[in-house]
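What follows is target-v5.cif (mmCIF, C-alpha atoms).
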```
data_protein
loop_
_atom_site.label_atom_id
_atom_site.label_comp_id
_atom_site.auth_asym_id
_atom_site.auth_seq_id
_atom_site.Cartn_x
_atom_site.Cartn_y
_atom_site.Cartn_z
CA MET A 483 47.05 99.24 28.32
CA ALA A 484 43.37 98.64 29.11
CA ARG A 485 42.32 99.47 32.65
CA TYR A 486 39.33 100.53 34.69
CA THR A 487 39.15 104.32 35.08
CA GLY A 488 35.85 104.74 36.93
CA PRO A 489 35.25 105.47 40.63
CA SER A 490 36.99 102.85 42.79
CA CYS A 491 34.53 103.17 45.67
CA LYS A 492 31.62 102.14 43.47
CA LEU A 493 33.31 98.78 42.92
CA CYS A 494 33.31 98.09 46.67
CA ARG A 495 29.67 99.15 46.96
CA ARG A 496 28.72 96.89 44.07
CA GLU A 497 30.43 93.89 45.65
CA GLY A 498 28.94 94.63 49.06
CA LYS A 499 32.30 94.66 50.86
CA LYS A 500 35.50 96.64 51.10
CA LEU A 501 38.09 95.73 48.49
CA TYR A 502 40.60 98.24 49.94
CA LEU A 503 41.34 99.79 46.56
CA LYS A 504 42.33 103.23 47.89
CA GLY A 505 44.76 102.42 50.68
CA ASP A 506 44.42 104.48 53.86
CA ARG A 507 41.28 106.23 52.65
CA CYS A 508 39.40 102.96 53.15
CA THR A 509 40.01 103.10 56.92
CA ALA A 510 40.61 106.80 57.64
CA ASN A 511 38.21 109.33 59.15
CA SER A 512 37.75 112.98 58.26
CA ASP A 513 38.50 115.89 60.61
CA LYS A 514 34.89 115.64 61.80
CA GLY A 515 35.32 112.00 62.76
CA LYS A 516 33.25 110.65 59.89
CA PRO A 517 34.64 107.85 57.67
CA LYS A 518 36.16 108.94 54.38
CA CYS A 519 35.30 105.60 52.77
CA ALA A 520 32.26 105.80 50.51
CA PHE A 521 31.34 102.22 51.38
CA ASP A 522 31.06 103.13 55.08
CA ARG A 523 28.85 106.11 54.24
CA ARG A 524 26.71 104.45 51.55
CA PRO A 525 27.03 100.65 51.70
CA GLN A 526 24.07 100.07 49.37
CA VAL A 527 24.57 99.01 45.76
CA PRO A 528 25.07 102.00 43.40
CA GLY A 529 22.15 103.05 41.23
CA GLN A 530 18.52 104.03 41.65
CA HIS A 531 17.51 100.61 42.97
CA GLY A 532 20.33 100.29 45.48
CA LYS A 533 18.31 101.57 48.45
CA SER A 534 15.64 98.91 47.97
CA GLY A 535 17.92 96.43 49.75
CA PRO A 536 19.48 93.14 48.66
CA SER A 537 17.42 90.83 46.48
CA LYS A 538 17.63 87.06 46.29
CA ILE A 539 20.68 86.02 44.31
CA SER A 540 21.04 82.87 42.23
CA GLN A 541 23.95 80.42 42.28
CA TYR A 542 25.20 81.95 39.05
CA GLY A 543 24.95 85.38 40.64
CA LEU A 544 27.08 84.27 43.58
CA GLN A 545 29.69 82.85 41.23
CA LEU A 546 29.70 86.05 39.17
CA ARG A 547 30.13 88.22 42.26
CA ALA A 548 33.07 86.06 43.41
CA LYS A 549 34.77 86.48 40.03
CA GLN A 550 34.14 90.23 39.93
CA SER A 551 35.43 90.66 43.49
CA MET A 552 38.70 88.90 42.73
CA LYS A 553 39.20 90.71 39.43
CA ARG A 554 38.61 94.08 41.05
CA THR A 555 40.78 93.33 44.07
CA TYR A 556 43.80 92.68 41.84
CA GLY A 557 42.88 95.28 39.20
CA VAL A 558 42.60 92.76 36.35
CA LEU A 559 40.15 92.98 33.45
CA GLU A 560 38.15 90.07 32.08
CA LYS A 561 40.35 89.03 29.14
CA GLN A 562 43.50 88.83 31.23
CA PHE A 563 41.74 87.19 34.17
CA ARG A 564 40.37 84.50 31.87
CA LYS A 565 43.92 83.83 30.63
CA TYR A 566 45.07 83.46 34.21
CA PHE A 567 42.31 80.92 34.84
CA GLU A 568 43.19 78.88 31.74
CA GLU A 569 46.84 78.82 32.86
CA ALA A 570 45.79 77.79 36.38
CA ARG A 571 43.68 74.95 34.96
CA ARG A 572 46.59 73.63 32.88
CA ARG A 573 48.96 73.53 35.84
CA GLU A 574 49.25 70.59 38.17
CA GLY A 575 47.42 70.95 41.47
CA VAL A 576 44.21 72.65 42.56
CA THR A 577 42.97 75.18 39.99
CA GLY A 578 41.73 77.71 42.54
CA GLU A 579 45.00 77.72 44.45
CA ASN A 580 46.93 78.05 41.20
CA LEU A 581 44.79 81.04 40.23
CA VAL A 582 45.58 82.78 43.52
CA ARG A 583 49.32 82.14 43.09
CA ILE A 584 49.25 83.57 39.57
CA THR A 585 47.48 86.79 40.58
CA GLU A 586 49.68 87.14 43.66
CA SER A 587 52.78 86.92 41.46
CA ARG A 588 51.91 90.10 39.55
CA LEU A 589 54.52 92.80 40.10
CA ASP A 590 51.98 95.41 41.22
CA ASN A 591 50.67 93.00 43.87
CA VAL A 592 54.16 92.00 45.08
CA PHE A 593 55.18 95.66 45.35
CA PHE A 594 52.02 96.38 47.35
CA ARG A 595 52.41 93.32 49.60
CA ALA A 596 56.00 94.33 50.36
CA GLY A 597 54.71 97.58 51.86
CA PHE A 598 56.23 100.05 49.40
CA CYS A 599 52.85 101.62 48.59
CA ASP A 600 49.34 101.91 50.01
CA SER A 601 47.34 100.14 47.30
CA ARG A 602 47.69 98.06 44.16
CA GLY A 603 46.47 101.03 42.14
CA GLN A 604 49.27 103.17 43.49
CA ALA A 605 51.70 100.32 42.76
CA ARG A 606 50.58 100.24 39.11
CA GLN A 607 51.21 103.97 38.81
CA LEU A 608 54.68 103.80 40.36
CA ILE A 609 55.65 100.82 38.21
CA SER A 610 54.38 102.46 35.01
CA HIS A 611 56.44 105.57 35.79
CA GLY A 612 59.64 103.56 36.09
CA HIS A 613 60.23 103.64 39.85
CA VAL A 614 60.56 99.87 40.31
CA LEU A 615 63.38 97.42 39.56
CA VAL A 616 63.31 93.63 39.35
CA ASN A 617 66.69 91.96 39.77
CA GLY A 618 68.37 95.31 39.11
CA ARG A 619 66.51 96.05 35.87
CA LYS A 620 63.72 98.58 35.46
CA VAL A 621 60.33 97.00 34.78
CA ASN A 622 57.39 99.26 33.90
CA ILE A 623 54.75 96.56 33.31
CA PRO A 624 52.44 96.10 36.34
CA SER A 625 51.35 92.64 35.17
CA TYR A 626 54.96 91.38 35.02
CA ARG A 627 55.14 88.01 36.77
CA VAL A 628 57.57 87.82 39.67
CA ARG A 629 59.27 84.46 40.26
CA LYS A 630 60.61 82.93 43.45
CA GLU A 631 63.78 84.62 44.73
CA ASP A 632 63.35 87.61 42.43
CA ILE A 633 64.43 90.89 44.03
CA VAL A 634 61.89 93.71 43.76
CA GLU A 635 63.11 97.15 44.80
CA VAL A 636 62.46 100.85 44.58
CA SER A 637 64.95 102.56 42.28
CA GLU A 638 67.55 104.59 44.16
CA LYS A 639 66.41 107.93 42.74
CA SER A 640 62.79 107.22 43.75
CA ARG A 641 63.31 106.30 47.42
CA GLY A 642 62.62 109.85 48.58
CA ILE A 643 59.14 109.98 47.04
CA VAL A 644 56.72 110.95 49.82
CA PRO A 645 54.04 108.24 49.24
CA ILE A 646 56.72 105.52 49.20
CA LYS A 647 58.40 106.76 52.37
CA ALA A 648 55.04 107.08 54.14
CA ALA A 649 54.02 103.56 53.09
CA VAL A 650 57.33 102.11 54.28
CA ASP A 651 57.00 103.80 57.68
CA LYS A 652 53.57 102.19 58.16
CA ALA A 653 54.75 98.81 56.86
CA LYS A 654 57.59 98.75 59.40
CA GLN A 655 55.01 98.88 62.19
CA ARG A 656 52.60 96.49 60.50
CA GLY A 657 55.15 93.80 59.68
CA THR A 658 55.85 91.84 56.51
CA PRO A 659 54.09 88.88 54.86
CA PRO A 660 55.59 85.49 55.84
CA TRP A 661 56.18 84.62 52.18
CA MET A 662 58.47 87.60 51.59
CA GLU A 663 61.76 88.91 52.92
CA VAL A 664 61.73 92.71 53.08
CA ASP A 665 64.62 95.06 53.80
CA PHE A 666 62.96 98.43 54.35
CA ASP A 667 66.27 100.26 54.79
CA ALA A 668 67.39 99.09 51.34
CA PHE A 669 63.87 99.34 49.85
CA LYS A 670 64.17 95.75 48.66
CA ALA A 671 61.96 92.67 48.89
CA MET A 672 62.43 89.05 47.83
CA LEU A 673 59.63 86.61 47.09
CA ILE A 674 60.49 83.46 49.08
CA ARG A 675 57.43 81.48 48.04
CA PHE A 676 53.88 81.95 46.81
CA PRO A 677 51.24 82.36 49.54
CA ASP A 678 48.38 80.00 50.31
CA LEU A 679 44.85 81.30 49.88
CA GLU A 680 44.33 81.57 53.65
CA GLU A 681 47.43 83.77 54.00
CA THR A 682 46.29 86.32 51.43
CA GLY A 683 43.23 87.45 53.35
CA LEU A 684 41.28 87.32 50.09
CA GLN A 685 37.57 87.30 50.97
CA VAL A 686 36.47 85.43 47.87
CA ASP A 687 35.08 81.95 47.28
CA VAL A 688 37.64 80.95 44.66
CA GLN A 689 35.92 77.60 44.04
CA SER A 690 32.87 79.51 42.78
CA ILE A 691 35.08 81.14 40.16
CA VAL A 692 36.36 77.73 39.05
CA GLU A 693 32.79 76.46 38.76
CA LEU A 694 31.72 79.54 36.78
CA TYR A 695 34.50 79.24 34.20
CA SER A 696 34.13 75.45 33.99
CA LYS A 697 30.55 75.56 32.70
#
```
Serialized structure, structure tokens:
Amino acid sequence: MARYTGPSCKLCRREGKKLYLKGDRCTANSDKGKPKCAFDRRPQVPGQHGKSGPSKISQYGLQLRAKQSMKRTYGVLEKQFRKYFEEARRREGVTGENLVRITESRLDNVFFRAGFCDSRGQARQLISHGHVLVNGRKVNIPSYRVRKEDIVEVSEKSRGIVPIKAAVDKAKQRGTPPWMEVDFDAFKAMLIRFPDLEETGLQVDVQSIVELYSK
């Protein structure tokens, strides 16, 4: 399975915004009161020219940054993301909205949105290690596509895992997405519908991605 294995914080610095790839670390402070997040400490672009400040960016550059931001937010590499776009373009409706629905239907994203983990990266790890069930059957493929009314749950033997319990405790206080029904006591979630772009909180100009791939 191909995946990015480099430093996550560099991706946020390259995009010029937080992608929240490391869960609580993105918002937490150290014992000395300083932010743990590398983006807060060094918001400039990585590399020897990063401190020179932002340069003028072309229309193509803006479109490329939008695509890279969305790919990195969901943890998808180029080949798979391009397949998602082609599927979104074939579907009826608005291509950009279809693309968001497809990426939001990934199992690692649904597991994260339900509040059973702190980040999509952590969700991928838990899924790959066999801690997640879909409709009562173990699924260890993070890119598995969840359908409406599918039941996603933590396997019974895995419900005592510390990161899962900690994430659930925080999710209880935070609340659940309006497009999901979550039973934290049973460690189960059901996808009621697919979210609209505005509901996802995705800070990406999806139309720019459509324009980039349509050239």
Who sits within 10 Å of region 567-577 of chain A, all atoms listed in the file, same chain under 3 positions skipped, as a list in words: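 Surrounding residues, per the criterion: Gln562, Phe563, Arg564, Asn580, Leu581, Val582, Arg583, Ile584, Thr585, Val688, Gln689, Ile691, Val692, Tyr695 and Ser696 of chain A.
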Expected selection from the PyMOL selection byres ((chain A and resi 633) around 7), given as a PyMOL selection string: chain A and resi 616-617+631-632+634-635+670-672
Shell of 12 Å around region 650-656 of chain A, all atoms listed in the file, local chain residues under 4 positions omitted, as a list in words: Gly505, Asp506, Phe593, Phe594, Arg595, Ala596, Gly597, Phe598, Cys599, Asp600, Val636, Arg641, Gly642, Ile643, Val644, Pro645, Ile646, Val664, Asp665, Phe666, Asp667, Ala668, Phe669, Lys670 and Ala671 of chain A
Interatomic distance, CA of Pro660 (chain A) to CA of Arg602 (chain A) (Å, one decimal): 18.9 Å
Computed interatomic separation between CA of Ser690 (chain A) and CA of Gln545 (chain A) (Å): 4.9 Å
Contacts of Leu608 (chain A) at 9 Å (all atoms listed in the file; same-chain gap of 4+ positions) as number ranges by chain: A: 590, 599, 603-604, 612-614, 622, 624
Distance in Å - CA of Arg606 (chain A) versus CA of Gly557 (chain A):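 CA of Gly557 (chain A) lies 9.2 Å from CA of Arg606 (chain A).
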Would you kindly translate the PyMOL selection byres ((chain A and resi 628) around 7) into the concrete residues it picks from this file, as a compact mmCIF listing (two decimals) with C-alpha atoms, keeping the file's coordinate frame?
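Wrote it out as out.txt, contents follow:
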```txt
# COMPACT_ATOMS: atom_id res chain seq x y z
CA SER A 587 52.78 86.92 41.46
CA ARG A 588 51.91 90.10 39.55
CA LEU A 589 54.52 92.80 40.10
CA TYR A 626 54.96 91.38 35.02
CA ARG A 627 55.14 88.01 36.77
CA ARG A 629 59.27 84.46 40.26
CA LYS A 630 60.61 82.93 43.45
CA ASP A 632 63.35 87.61 42.43
```
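Nearest to Tyr542 (chain A) of all the residues A:Tyr556, A:Lys697, A:Pro659, A:Ser625 is A:Lys697, based on all atoms listed in the file.
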Given 5 Å on each side, where is the centre and what are the edge lengths in Å to one decimal of the axis-aligned box enclosing the listed atoms of region 665-675 of chain A, as AutoDock Vina command-line options?
```
--center_x 62.4 --center_y 90.9 --center_z 50.9 --size_x 20.0 --size_y 28.8 --size_z 17.7
```
